[in-house]
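Coordinates from upload_14.cif are shown below (mmCIF, N, CA and C atoms).
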```cif
data_final
#
loop_
_atom_site.label_atom_id
_atom_site.label_comp_id
_atom_site.auth_asym_id
_atom_site.auth_seq_id
_atom_site.Cartn_x
_atom_site.Cartn_y
_atom_site.Cartn_z
N GLN D 130 -8.66 3.55 4.95
CA GLN D 130 -8.96 4.48 3.88
C GLN D 130 -8.24 4.02 2.62
N VAL D 131 -8.97 3.97 1.53
CA VAL D 131 -8.40 3.56 0.25
C VAL D 131 -7.56 4.69 -0.32
N GLN D 132 -6.38 4.34 -0.79
CA GLN D 132 -5.52 5.32 -1.45
C GLN D 132 -5.50 5.05 -2.94
N LEU D 133 -5.50 6.12 -3.73
CA LEU D 133 -5.49 6.03 -5.17
C LEU D 133 -4.18 6.55 -5.72
N VAL D 134 -3.59 5.82 -6.65
CA VAL D 134 -2.34 6.23 -7.27
C VAL D 134 -2.52 6.19 -8.78
N GLU D 135 -2.44 7.36 -9.41
CA GLU D 135 -2.58 7.46 -10.85
C GLU D 135 -1.21 7.48 -11.51
N SER D 136 -1.14 6.91 -12.70
CA SER D 136 0.12 6.87 -13.44
C SER D 136 -0.17 6.78 -14.93
N GLY D 137 0.87 6.96 -15.73
CA GLY D 137 0.75 6.79 -17.17
C GLY D 137 0.71 8.07 -17.98
N GLY D 138 0.68 9.20 -17.30
CA GLY D 138 0.67 10.47 -18.02
C GLY D 138 2.01 10.77 -18.66
N GLY D 139 2.04 11.86 -19.40
CA GLY D 139 3.29 12.27 -20.04
C GLY D 139 3.04 13.32 -21.09
N LEU D 140 4.08 13.57 -21.87
CA LEU D 140 4.03 14.54 -22.96
C LEU D 140 3.86 13.77 -24.27
N VAL D 141 2.87 14.16 -25.04
CA VAL D 141 2.59 13.47 -26.30
C VAL D 141 2.17 14.49 -27.34
N GLN D 142 2.46 14.20 -28.59
CA GLN D 142 2.04 15.08 -29.67
C GLN D 142 0.55 14.89 -29.97
N ALA D 143 -0.05 15.91 -30.52
CA ALA D 143 -1.45 15.82 -30.92
C ALA D 143 -1.65 14.61 -31.84
N GLY D 144 -2.73 13.88 -31.59
CA GLY D 144 -2.99 12.66 -32.34
C GLY D 144 -2.45 11.41 -31.69
N GLY D 145 -1.63 11.58 -30.68
CA GLY D 145 -1.03 10.44 -30.01
C GLY D 145 -1.95 9.78 -29.00
N SER D 146 -1.40 8.78 -28.32
CA SER D 146 -2.19 7.99 -27.36
C SER D 146 -1.45 7.84 -26.04
N LEU D 147 -2.21 7.69 -24.99
CA LEU D 147 -1.68 7.36 -23.68
C LEU D 147 -2.67 6.43 -22.99
N ARG D 148 -2.16 5.62 -22.08
CA ARG D 148 -3.02 4.77 -21.25
C ARG D 148 -2.74 5.09 -19.79
N LEU D 149 -3.74 5.60 -19.12
CA LEU D 149 -3.62 5.94 -17.70
C LEU D 149 -4.10 4.78 -16.84
N SER D 150 -3.47 4.66 -15.67
CA SER D 150 -3.88 3.65 -14.70
C SER D 150 -4.16 4.31 -13.37
N CYS D 151 -5.12 3.78 -12.66
CA CYS D 151 -5.45 4.25 -11.31
C CYS D 151 -5.52 3.02 -10.41
N ALA D 152 -4.52 2.87 -9.57
CA ALA D 152 -4.45 1.70 -8.69
C ALA D 152 -4.93 2.07 -7.29
N ALA D 153 -5.83 1.27 -6.77
CA ALA D 153 -6.36 1.49 -5.43
C ALA D 153 -5.67 0.54 -4.45
N SER D 154 -5.48 1.02 -3.23
CA SER D 154 -4.77 0.22 -2.22
C SER D 154 -5.65 -0.89 -1.64
N LYS D 155 -6.97 -0.76 -1.84
CA LYS D 155 -7.89 -1.79 -1.37
C LYS D 155 -8.93 -2.04 -2.45
N SER D 156 -9.77 -3.01 -2.22
CA SER D 156 -10.76 -3.38 -3.22
C SER D 156 -11.70 -2.22 -3.55
N ILE D 157 -11.97 -2.07 -4.84
CA ILE D 157 -12.95 -1.07 -5.29
C ILE D 157 -14.17 -1.76 -5.89
N ALA D 158 -14.24 -3.07 -5.72
CA ALA D 158 -15.33 -3.82 -6.33
C ALA D 158 -16.70 -3.35 -5.84
N SER D 159 -16.75 -2.87 -4.60
CA SER D 159 -18.03 -2.45 -4.03
C SER D 159 -18.43 -1.04 -4.43
N ILE D 160 -17.52 -0.33 -5.07
CA ILE D 160 -17.83 1.04 -5.50
C ILE D 160 -18.58 0.96 -6.82
N TYR D 161 -19.81 1.44 -6.80
CA TYR D 161 -20.70 1.27 -7.94
C TYR D 161 -20.13 1.86 -9.22
N ALA D 162 -19.66 3.08 -9.14
CA ALA D 162 -19.18 3.75 -10.35
C ALA D 162 -17.88 4.50 -10.05
N MET D 163 -16.89 4.23 -10.87
CA MET D 163 -15.62 4.95 -10.80
C MET D 163 -15.48 5.83 -12.02
N GLY D 164 -14.77 6.93 -11.85
CA GLY D 164 -14.62 7.85 -12.96
C GLY D 164 -13.23 8.43 -13.07
N TRP D 165 -12.92 8.89 -14.24
CA TRP D 165 -11.71 9.68 -14.47
C TRP D 165 -12.12 11.15 -14.58
N TYR D 166 -11.40 11.98 -13.86
CA TYR D 166 -11.61 13.40 -13.85
C TYR D 166 -10.37 14.07 -14.41
N ARG D 167 -10.53 15.31 -14.87
CA ARG D 167 -9.36 16.10 -15.27
C ARG D 167 -9.56 17.54 -14.87
N GLN D 168 -8.43 18.18 -14.61
CA GLN D 168 -8.45 19.59 -14.25
C GLN D 168 -7.33 20.31 -14.99
N ALA D 169 -7.72 21.21 -15.85
CA ALA D 169 -6.76 22.03 -16.58
C ALA D 169 -6.48 23.29 -15.77
N PRO D 170 -5.34 23.93 -16.01
CA PRO D 170 -4.99 25.15 -15.26
C PRO D 170 -6.09 26.20 -15.37
N GLY D 171 -6.52 26.73 -14.23
CA GLY D 171 -7.51 27.79 -14.23
C GLY D 171 -8.93 27.32 -14.47
N LYS D 172 -9.13 26.01 -14.56
CA LYS D 172 -10.47 25.49 -14.82
C LYS D 172 -10.91 24.55 -13.70
N GLN D 173 -12.21 24.33 -13.62
CA GLN D 173 -12.74 23.42 -12.62
C GLN D 173 -12.50 21.98 -13.05
N ARG D 174 -12.46 21.12 -12.07
CA ARG D 174 -12.33 19.68 -12.35
C ARG D 174 -13.58 19.21 -13.07
N GLU D 175 -13.37 18.39 -14.11
CA GLU D 175 -14.51 17.86 -14.85
C GLU D 175 -14.41 16.35 -14.95
N LEU D 176 -15.57 15.72 -14.94
CA LEU D 176 -15.66 14.27 -15.07
C LEU D 176 -15.70 13.92 -16.55
N VAL D 177 -14.78 13.07 -17.01
CA VAL D 177 -14.72 12.78 -18.44
C VAL D 177 -15.14 11.36 -18.78
N ALA D 178 -15.06 10.44 -17.85
CA ALA D 178 -15.43 9.05 -18.16
C ALA D 178 -15.88 8.33 -16.90
N VAL D 179 -16.88 7.47 -17.06
CA VAL D 179 -17.46 6.74 -15.93
C VAL D 179 -17.61 5.28 -16.30
N ILE D 180 -17.37 4.41 -15.32
CA ILE D 180 -17.64 2.98 -15.53
C ILE D 180 -18.27 2.43 -14.26
N THR D 181 -19.34 1.69 -14.44
CA THR D 181 -19.98 1.06 -13.29
C THR D 181 -19.33 -0.29 -13.02
N ASN D 182 -19.65 -0.89 -11.89
CA ASN D 182 -19.06 -2.20 -11.62
C ASN D 182 -19.72 -3.29 -12.45
N GLY D 183 -20.74 -2.91 -13.23
CA GLY D 183 -21.32 -3.83 -14.19
C GLY D 183 -20.74 -3.67 -15.58
N GLY D 184 -19.87 -2.67 -15.73
CA GLY D 184 -19.19 -2.45 -17.00
C GLY D 184 -19.83 -1.41 -17.91
N SER D 185 -20.92 -0.80 -17.49
CA SER D 185 -21.51 0.26 -18.29
C SER D 185 -20.62 1.49 -18.25
N THR D 186 -20.51 2.17 -19.39
CA THR D 186 -19.63 3.34 -19.48
C THR D 186 -20.40 4.56 -19.98
N ASN D 187 -19.83 5.72 -19.66
CA ASN D 187 -20.39 6.97 -20.15
C ASN D 187 -19.25 7.96 -20.27
N TYR D 188 -19.36 8.87 -21.24
CA TYR D 188 -18.27 9.79 -21.52
C TYR D 188 -18.78 11.20 -21.72
N ALA D 189 -17.93 12.16 -21.38
CA ALA D 189 -18.22 13.53 -21.72
C ALA D 189 -18.16 13.66 -23.24
N ASP D 190 -18.96 14.58 -23.77
CA ASP D 190 -18.99 14.76 -25.22
C ASP D 190 -17.62 15.08 -25.78
N SER D 191 -16.81 15.78 -25.00
CA SER D 191 -15.50 16.23 -25.49
C SER D 191 -14.53 15.08 -25.73
N VAL D 192 -14.78 13.92 -25.15
CA VAL D 192 -13.86 12.79 -25.29
C VAL D 192 -14.51 11.57 -25.92
N LYS D 193 -15.79 11.65 -26.17
CA LYS D 193 -16.53 10.50 -26.70
C LYS D 193 -15.92 10.06 -28.04
N GLY D 194 -15.71 8.78 -28.19
CA GLY D 194 -15.13 8.25 -29.41
C GLY D 194 -13.62 8.24 -29.43
N ARG D 195 -12.99 8.90 -28.45
CA ARG D 195 -11.52 8.93 -28.39
C ARG D 195 -10.98 8.25 -27.13
N PHE D 196 -11.71 8.33 -26.04
CA PHE D 196 -11.27 7.75 -24.77
C PHE D 196 -12.09 6.50 -24.46
N ALA D 197 -11.47 5.56 -23.75
CA ALA D 197 -12.16 4.35 -23.32
C ALA D 197 -11.75 4.02 -21.89
N ILE D 198 -12.75 3.90 -21.03
CA ILE D 198 -12.50 3.58 -19.62
C ILE D 198 -12.75 2.09 -19.39
N SER D 199 -11.96 1.50 -18.53
CA SER D 199 -12.16 0.10 -18.17
C SER D 199 -11.74 -0.09 -16.72
N ARG D 200 -12.15 -1.19 -16.15
CA ARG D 200 -11.76 -1.46 -14.76
C ARG D 200 -11.48 -2.95 -14.59
N ASP D 201 -10.53 -3.25 -13.74
CA ASP D 201 -10.19 -4.62 -13.39
C ASP D 201 -10.31 -4.73 -11.88
N ASN D 202 -11.45 -5.20 -11.42
CA ASN D 202 -11.69 -5.24 -9.97
C ASN D 202 -10.73 -6.20 -9.27
N ALA D 203 -10.27 -7.21 -9.98
CA ALA D 203 -9.33 -8.16 -9.38
C ALA D 203 -7.99 -7.49 -9.07
N LYS D 204 -7.65 -6.47 -9.88
CA LYS D 204 -6.39 -5.74 -9.68
C LYS D 204 -6.63 -4.41 -9.00
N ASN D 205 -7.87 -4.13 -8.64
CA ASN D 205 -8.22 -2.85 -7.99
C ASN D 205 -7.73 -1.67 -8.83
N THR D 206 -7.92 -1.74 -10.12
CA THR D 206 -7.36 -0.74 -11.03
C THR D 206 -8.40 -0.30 -12.05
N VAL D 207 -8.38 0.99 -12.33
CA VAL D 207 -9.21 1.58 -13.38
C VAL D 207 -8.28 2.17 -14.43
N TYR D 208 -8.62 2.00 -15.69
CA TYR D 208 -7.77 2.46 -16.78
C TYR D 208 -8.50 3.49 -17.63
N LEU D 209 -7.71 4.31 -18.32
CA LEU D 209 -8.26 5.24 -19.30
C LEU D 209 -7.36 5.20 -20.52
N GLN D 210 -7.85 4.62 -21.59
CA GLN D 210 -7.14 4.63 -22.87
C GLN D 210 -7.53 5.89 -23.60
N MET D 211 -6.55 6.70 -23.95
CA MET D 211 -6.80 7.97 -24.62
C MET D 211 -6.14 7.95 -25.98
N ASN D 212 -6.95 8.06 -27.01
CA ASN D 212 -6.47 8.09 -28.38
C ASN D 212 -6.84 9.43 -29.02
N GLY D 213 -6.18 9.76 -30.10
CA GLY D 213 -6.50 11.01 -30.79
C GLY D 213 -6.41 12.22 -29.89
N LEU D 214 -5.36 12.28 -29.09
CA LEU D 214 -5.25 13.35 -28.11
C LEU D 214 -5.13 14.71 -28.78
N LYS D 215 -5.74 15.70 -28.12
CA LYS D 215 -5.75 17.07 -28.60
C LYS D 215 -5.11 17.97 -27.55
N PRO D 216 -4.59 19.14 -27.96
CA PRO D 216 -4.01 20.05 -26.97
C PRO D 216 -4.98 20.39 -25.84
N GLU D 217 -6.26 20.45 -26.14
CA GLU D 217 -7.25 20.78 -25.10
C GLU D 217 -7.47 19.65 -24.10
N ASP D 218 -6.86 18.50 -24.33
CA ASP D 218 -6.91 17.41 -23.35
C ASP D 218 -5.85 17.59 -22.27
N THR D 219 -4.98 18.57 -22.43
CA THR D 219 -3.93 18.81 -21.44
C THR D 219 -4.54 19.14 -20.09
N ALA D 220 -4.16 18.36 -19.07
CA ALA D 220 -4.73 18.52 -17.73
C ALA D 220 -4.07 17.52 -16.79
N VAL D 221 -4.38 17.67 -15.51
CA VAL D 221 -4.03 16.64 -14.53
C VAL D 221 -5.23 15.70 -14.43
N TYR D 222 -4.98 14.41 -14.62
CA TYR D 222 -6.05 13.41 -14.61
C TYR D 222 -6.01 12.63 -13.30
N SER D 223 -7.19 12.46 -12.72
CA SER D 223 -7.32 11.74 -11.46
C SER D 223 -8.53 10.82 -11.54
N CYS D 224 -8.56 9.83 -10.68
CA CYS D 224 -9.74 8.95 -10.64
C CYS D 224 -10.37 9.01 -9.27
N ASN D 225 -11.63 8.67 -9.19
CA ASN D 225 -12.35 8.63 -7.93
C ASN D 225 -13.73 8.05 -8.18
N SER D 226 -14.44 7.81 -7.11
CA SER D 226 -15.84 7.44 -7.23
C SER D 226 -16.60 8.60 -7.87
N VAL D 227 -17.73 8.32 -8.49
CA VAL D 227 -18.54 9.40 -9.05
C VAL D 227 -19.71 9.74 -8.15
N LEU D 228 -19.88 8.98 -7.09
CA LEU D 228 -20.94 9.26 -6.14
C LEU D 228 -20.33 9.95 -4.92
N PRO D 229 -20.77 11.16 -4.61
CA PRO D 229 -20.16 11.90 -3.48
C PRO D 229 -20.12 11.10 -2.18
N ALA D 230 -21.14 10.29 -1.94
CA ALA D 230 -21.18 9.52 -0.70
C ALA D 230 -20.06 8.48 -0.65
N ALA D 231 -19.49 8.16 -1.80
CA ALA D 231 -18.46 7.12 -1.85
C ALA D 231 -17.10 7.68 -2.25
N PHE D 232 -16.96 9.01 -2.20
CA PHE D 232 -15.69 9.63 -2.57
C PHE D 232 -14.55 9.09 -1.72
N LEU D 233 -13.41 8.89 -2.38
CA LEU D 233 -12.20 8.48 -1.70
C LEU D 233 -11.25 9.68 -1.63
N SER D 234 -10.18 9.54 -0.87
CA SER D 234 -9.18 10.60 -0.86
C SER D 234 -8.54 10.71 -2.24
N TRP D 235 -8.40 11.92 -2.72
CA TRP D 235 -7.82 12.11 -4.05
C TRP D 235 -6.35 11.71 -4.05
N GLY D 236 -5.94 11.08 -5.15
CA GLY D 236 -4.53 10.82 -5.36
C GLY D 236 -3.84 12.06 -5.88
N GLN D 237 -2.58 11.89 -6.27
CA GLN D 237 -1.82 13.06 -6.74
C GLN D 237 -2.13 13.39 -8.19
N GLY D 238 -2.78 12.47 -8.88
CA GLY D 238 -3.09 12.70 -10.29
C GLY D 238 -1.88 12.44 -11.17
N THR D 239 -2.12 12.46 -12.47
CA THR D 239 -1.03 12.28 -13.43
C THR D 239 -1.19 13.33 -14.53
N GLN D 240 -0.09 14.00 -14.85
CA GLN D 240 -0.13 15.11 -15.80
C GLN D 240 -0.11 14.57 -17.23
N VAL D 241 -1.04 15.07 -18.02
CA VAL D 241 -1.07 14.78 -19.45
C VAL D 241 -0.89 16.10 -20.18
N THR D 242 0.12 16.15 -21.03
CA THR D 242 0.39 17.35 -21.81
C THR D 242 0.42 16.98 -23.28
N VAL D 243 -0.41 17.65 -24.06
CA VAL D 243 -0.50 17.36 -25.49
C VAL D 243 -0.01 18.57 -26.27
N SER D 244 1.03 18.38 -27.04
CA SER D 244 1.59 19.48 -27.81
C SER D 244 0.99 19.50 -29.22
N SER D 245 0.88 20.70 -29.76
CA SER D 245 0.28 20.84 -31.09
C SER D 245 1.32 20.72 -32.18
#
```

Structure re-expressed in structure tokens:
Amino acid sequence: QVQLVESGGGLVQAGGSLRLSCAASKSIASIYAMGWYRQAPGKQRELVAVITNGGSTNYADSVKGRFAISRDNAKNTVYLQMNGLKPEDTAVYSCNSVLPAAFLSWGQGTQVTVSS
């Protein structure tokens, strides 16, 4: 079973940047699409960014133009560059497959807190 470990979160002021990493314990090259999800307190988990193994990307409207997802299959790692952070981006961020049939066990996530 592949394990996912997210890192890179922290406390940042509005307008700041963070780069999140999601390291997998085994190869993710065969997983068609990986995504970054976030869950704010009292809210459902939402998918904010997707990248296919061909490099195509897609973003939720709320983060489009500010976030950039990338993946390095050789390092079994998916990244999320977050710029122009807003208080409403505060959440626990996790990565996983975007296809239910290929879901992996969730990692612990990484907390992102944006102060105003």

task: For the file shown, report as a PyMOL selection string the outcome of the PyMOL selection byres ((chain D and resi 178) around 6) at residue level.
output: chain D and resi 163-166+176-177+179-180+187-189

- request: For Asn182 of chain D, please output as a PyMOL selection string all residues within 12 Å (counting only C-alpha atoms; exclusion window: fewer than 4 positions along the same chain).
  value: chain D and resi 156-164+186+198-203+205-207+226-227

message: At a cut-off of 9 Å, using only C-alpha atoms, what residues contact Glu135 of chain D? Leave out same-chain residues fewer than 3 positions from it and give the result as a list of chain:residue names.
response: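 Within the cut-off, the hits are D:Gly138, D:Leu149, D:Ser150, D:Cys151, D:Ala152, D:Ala153, D:Tyr222, D:Ser223, D:Cys224, D:Gly236, D:Gln237, D:Gly238, D:Thr239.
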
Among the residues of segment 189-218 of chain D, find those DSSP assigns to strand (DSSP E) from the backbone and print them as a short mmCIF file (atom, residue, chain, number, x, y, z; two decimals) with N, CA and C atoms, in the frame of the given file.
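After the write, selection.cif holds the following:
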```
data_model
loop_
_atom_site.label_atom_id
_atom_site.label_comp_id
_atom_site.auth_asym_id
_atom_site.auth_seq_id
_atom_site.Cartn_x
_atom_site.Cartn_y
_atom_site.Cartn_z
N PHE D 196 -11.71 8.33 -26.04
CA PHE D 196 -11.27 7.75 -24.77
C PHE D 196 -12.09 6.50 -24.46
N ALA D 197 -11.47 5.56 -23.75
CA ALA D 197 -12.16 4.35 -23.32
C ALA D 197 -11.75 4.02 -21.89
N ILE D 198 -12.75 3.90 -21.03
CA ILE D 198 -12.50 3.58 -19.62
C ILE D 198 -12.75 2.09 -19.39
N SER D 199 -11.96 1.50 -18.53
CA SER D 199 -12.16 0.10 -18.17
C SER D 199 -11.74 -0.09 -16.72
N ARG D 200 -12.15 -1.19 -16.15
CA ARG D 200 -11.76 -1.46 -14.76
C ARG D 200 -11.48 -2.95 -14.59
N ASP D 201 -10.53 -3.25 -13.74
CA ASP D 201 -10.19 -4.62 -13.39
C ASP D 201 -10.31 -4.73 -11.88
N THR D 206 -7.92 -1.74 -10.12
CA THR D 206 -7.36 -0.74 -11.03
C THR D 206 -8.40 -0.30 -12.05
N VAL D 207 -8.38 0.99 -12.33
CA VAL D 207 -9.21 1.58 -13.38
C VAL D 207 -8.28 2.17 -14.43
N TYR D 208 -8.62 2.00 -15.69
CA TYR D 208 -7.77 2.46 -16.78
C TYR D 208 -8.50 3.49 -17.63
N LEU D 209 -7.71 4.31 -18.32
CA LEU D 209 -8.26 5.24 -19.30
C LEU D 209 -7.36 5.20 -20.52
N GLN D 210 -7.85 4.62 -21.59
CA GLN D 210 -7.14 4.63 -22.87
C GLN D 210 -7.53 5.89 -23.60
N MET D 211 -6.55 6.70 -23.95
CA MET D 211 -6.80 7.97 -24.62
C MET D 211 -6.14 7.95 -25.98
#
```

query: Which polymer residues have any atom within 7 Å of an atom of Ser146 of chain D, counting only N, CA and C atoms, with same-chain residues fewer than 5 positions away left out, as an MDAnalysis selection string?
result: chainID D and resid 141 210:214

task: Show which residues sit within 7 Å of Ser245 of chain D, as a ChimeraX atom specification. Count all atoms listed in the file, and ignore same-chain residues fewer than 4 positions away.
output: /D:141-143,215-216

With N, CA and C atoms retained, write the just-selected residues as a CSV table (one decimal), keeping the file's coordinate frame.
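selection.csv, written as the output of this step:
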```csv
chain,number,residue,atom,x,y,z
D,141,VAL,N,2.9,14.2,-25.0
D,141,VAL,CA,2.6,13.5,-26.3
D,141,VAL,C,2.2,14.5,-27.3
D,142,GLN,N,2.5,14.2,-28.6
D,142,GLN,CA,2.0,15.1,-29.7
D,142,GLN,C,0.6,14.9,-30.0
D,143,ALA,N,0.0,15.9,-30.5
D,143,ALA,CA,-1.4,15.8,-30.9
D,143,ALA,C,-1.6,14.6,-31.8
D,215,LYS,N,-5.7,15.7,-28.1
D,215,LYS,CA,-5.8,17.1,-28.6
D,215,LYS,C,-5.1,18.0,-27.6
D,216,PRO,N,-4.6,19.1,-28.0
D,216,PRO,CA,-4.0,20.0,-27.0
D,216,PRO,C,-5.0,20.4,-25.8
```

Could you write segment 145-155 of chain D as an mmCIF file, keeping the file's coordinate frame, with all heavy atoms rebuilt where they are missing?
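So the final result, stored in part_2.cif, reads:
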```
data_model
loop_
_atom_site.group_PDB
_atom_site.id
_atom_site.type_symbol
_atom_site.label_atom_id
_atom_site.label_comp_id
_atom_site.auth_asym_id
_atom_site.auth_seq_id
_atom_site.Cartn_x
_atom_site.Cartn_y
_atom_site.Cartn_z
ATOM 1 N N GLY D 145 -1.630 11.580 -30.680
ATOM 2 C CA GLY D 145 -1.030 10.440 -30.010
ATOM 3 C C GLY D 145 -1.950 9.780 -29.000
ATOM 4 O O GLY D 145 -3.114 10.174 -28.839
ATOM 5 N N SER D 146 -1.400 8.780 -28.320
ATOM 6 C CA SER D 146 -2.190 7.990 -27.360
ATOM 7 C C SER D 146 -1.450 7.840 -26.040
ATOM 8 O O SER D 146 -0.206 7.855 -26.007
ATOM 9 C CB SER D 146 -2.467 6.597 -27.929
ATOM 10 O OG SER D 146 -3.221 6.653 -29.115
ATOM 11 N N LEU D 147 -2.210 7.690 -24.990
ATOM 12 C CA LEU D 147 -1.680 7.360 -23.680
ATOM 13 C C LEU D 147 -2.670 6.430 -22.990
ATOM 14 O O LEU D 147 -3.880 6.487 -23.252
ATOM 15 C CB LEU D 147 -1.498 8.614 -22.812
ATOM 16 C CG LEU D 147 -0.336 9.546 -23.135
ATOM 17 C CD1 LEU D 147 -0.447 10.820 -22.300
ATOM 18 C CD2 LEU D 147 1.002 8.876 -22.896
ATOM 19 N N ARG D 148 -2.160 5.620 -22.080
ATOM 20 C CA ARG D 148 -3.020 4.770 -21.250
ATOM 21 C C ARG D 148 -2.740 5.090 -19.790
ATOM 22 O O ARG D 148 -1.620 4.883 -19.304
ATOM 23 C CB ARG D 148 -2.767 3.295 -21.511
ATOM 24 C CG ARG D 148 -3.792 2.391 -20.815
ATOM 25 C CD ARG D 148 -3.363 0.953 -20.863
ATOM 26 N NE ARG D 148 -4.448 0.035 -20.488
ATOM 27 C CZ ARG D 148 -4.259 -1.147 -19.913
ATOM 28 N NH1 ARG D 148 -3.024 -1.558 -19.654
ATOM 29 N NH2 ARG D 148 -5.285 -1.917 -19.614
ATOM 30 N N LEU D 149 -3.740 5.600 -19.120
ATOM 31 C CA LEU D 149 -3.620 5.940 -17.700
ATOM 32 C C LEU D 149 -4.100 4.780 -16.840
ATOM 33 O O LEU D 149 -5.019 4.045 -17.221
ATOM 34 C CB LEU D 149 -4.442 7.188 -17.381
ATOM 35 C CG LEU D 149 -4.196 8.423 -18.247
ATOM 36 C CD1 LEU D 149 -5.025 9.595 -17.723
ATOM 37 C CD2 LEU D 149 -2.732 8.775 -18.310
ATOM 38 N N SER D 150 -3.470 4.660 -15.670
ATOM 39 C CA SER D 150 -3.880 3.650 -14.700
ATOM 40 C C SER D 150 -4.160 4.310 -13.370
ATOM 41 O O SER D 150 -3.505 5.284 -13.000
ATOM 42 C CB SER D 150 -2.776 2.600 -14.509
ATOM 43 O OG SER D 150 -2.511 1.898 -15.696
ATOM 44 N N CYS D 151 -5.120 3.780 -12.660
ATOM 45 C CA CYS D 151 -5.450 4.250 -11.310
ATOM 46 C C CYS D 151 -5.520 3.020 -10.410
ATOM 47 O O CYS D 151 -6.465 2.229 -10.525
ATOM 48 C CB CYS D 151 -6.768 4.998 -11.314
ATOM 49 S SG CYS D 151 -7.397 5.389 -9.664
ATOM 50 N N ALA D 152 -4.520 2.870 -9.570
ATOM 51 C CA ALA D 152 -4.450 1.700 -8.690
ATOM 52 C C ALA D 152 -4.930 2.070 -7.290
ATOM 53 O O ALA D 152 -4.468 3.062 -6.714
ATOM 54 C CB ALA D 152 -3.016 1.190 -8.636
ATOM 55 N N ALA D 153 -5.830 1.270 -6.770
ATOM 56 C CA ALA D 153 -6.360 1.490 -5.430
ATOM 57 C C ALA D 153 -5.670 0.540 -4.450
ATOM 58 O O ALA D 153 -5.345 -0.590 -4.798
ATOM 59 C CB ALA D 153 -7.861 1.261 -5.403
ATOM 60 N N SER D 154 -5.480 1.020 -3.230
ATOM 61 C CA SER D 154 -4.770 0.220 -2.220
ATOM 62 C C SER D 154 -5.650 -0.890 -1.640
ATOM 63 O O SER D 154 -5.138 -1.826 -1.015
ATOM 64 C CB SER D 154 -4.273 1.124 -1.087
ATOM 65 O OG SER D 154 -5.360 1.795 -0.468
ATOM 66 N N LYS D 155 -6.970 -0.760 -1.840
ATOM 67 C CA LYS D 155 -7.890 -1.790 -1.370
ATOM 68 C C LYS D 155 -8.930 -2.040 -2.450
ATOM 69 O O LYS D 155 -8.966 -1.357 -3.464
ATOM 70 C CB LYS D 155 -8.588 -1.338 -0.081
ATOM 71 C CG LYS D 155 -7.645 -1.119 1.095
ATOM 72 C CD LYS D 155 -8.412 -0.676 2.337
ATOM 73 C CE LYS D 155 -7.474 -0.447 3.506
ATOM 74 N NZ LYS D 155 -8.205 0.013 4.713
#
```
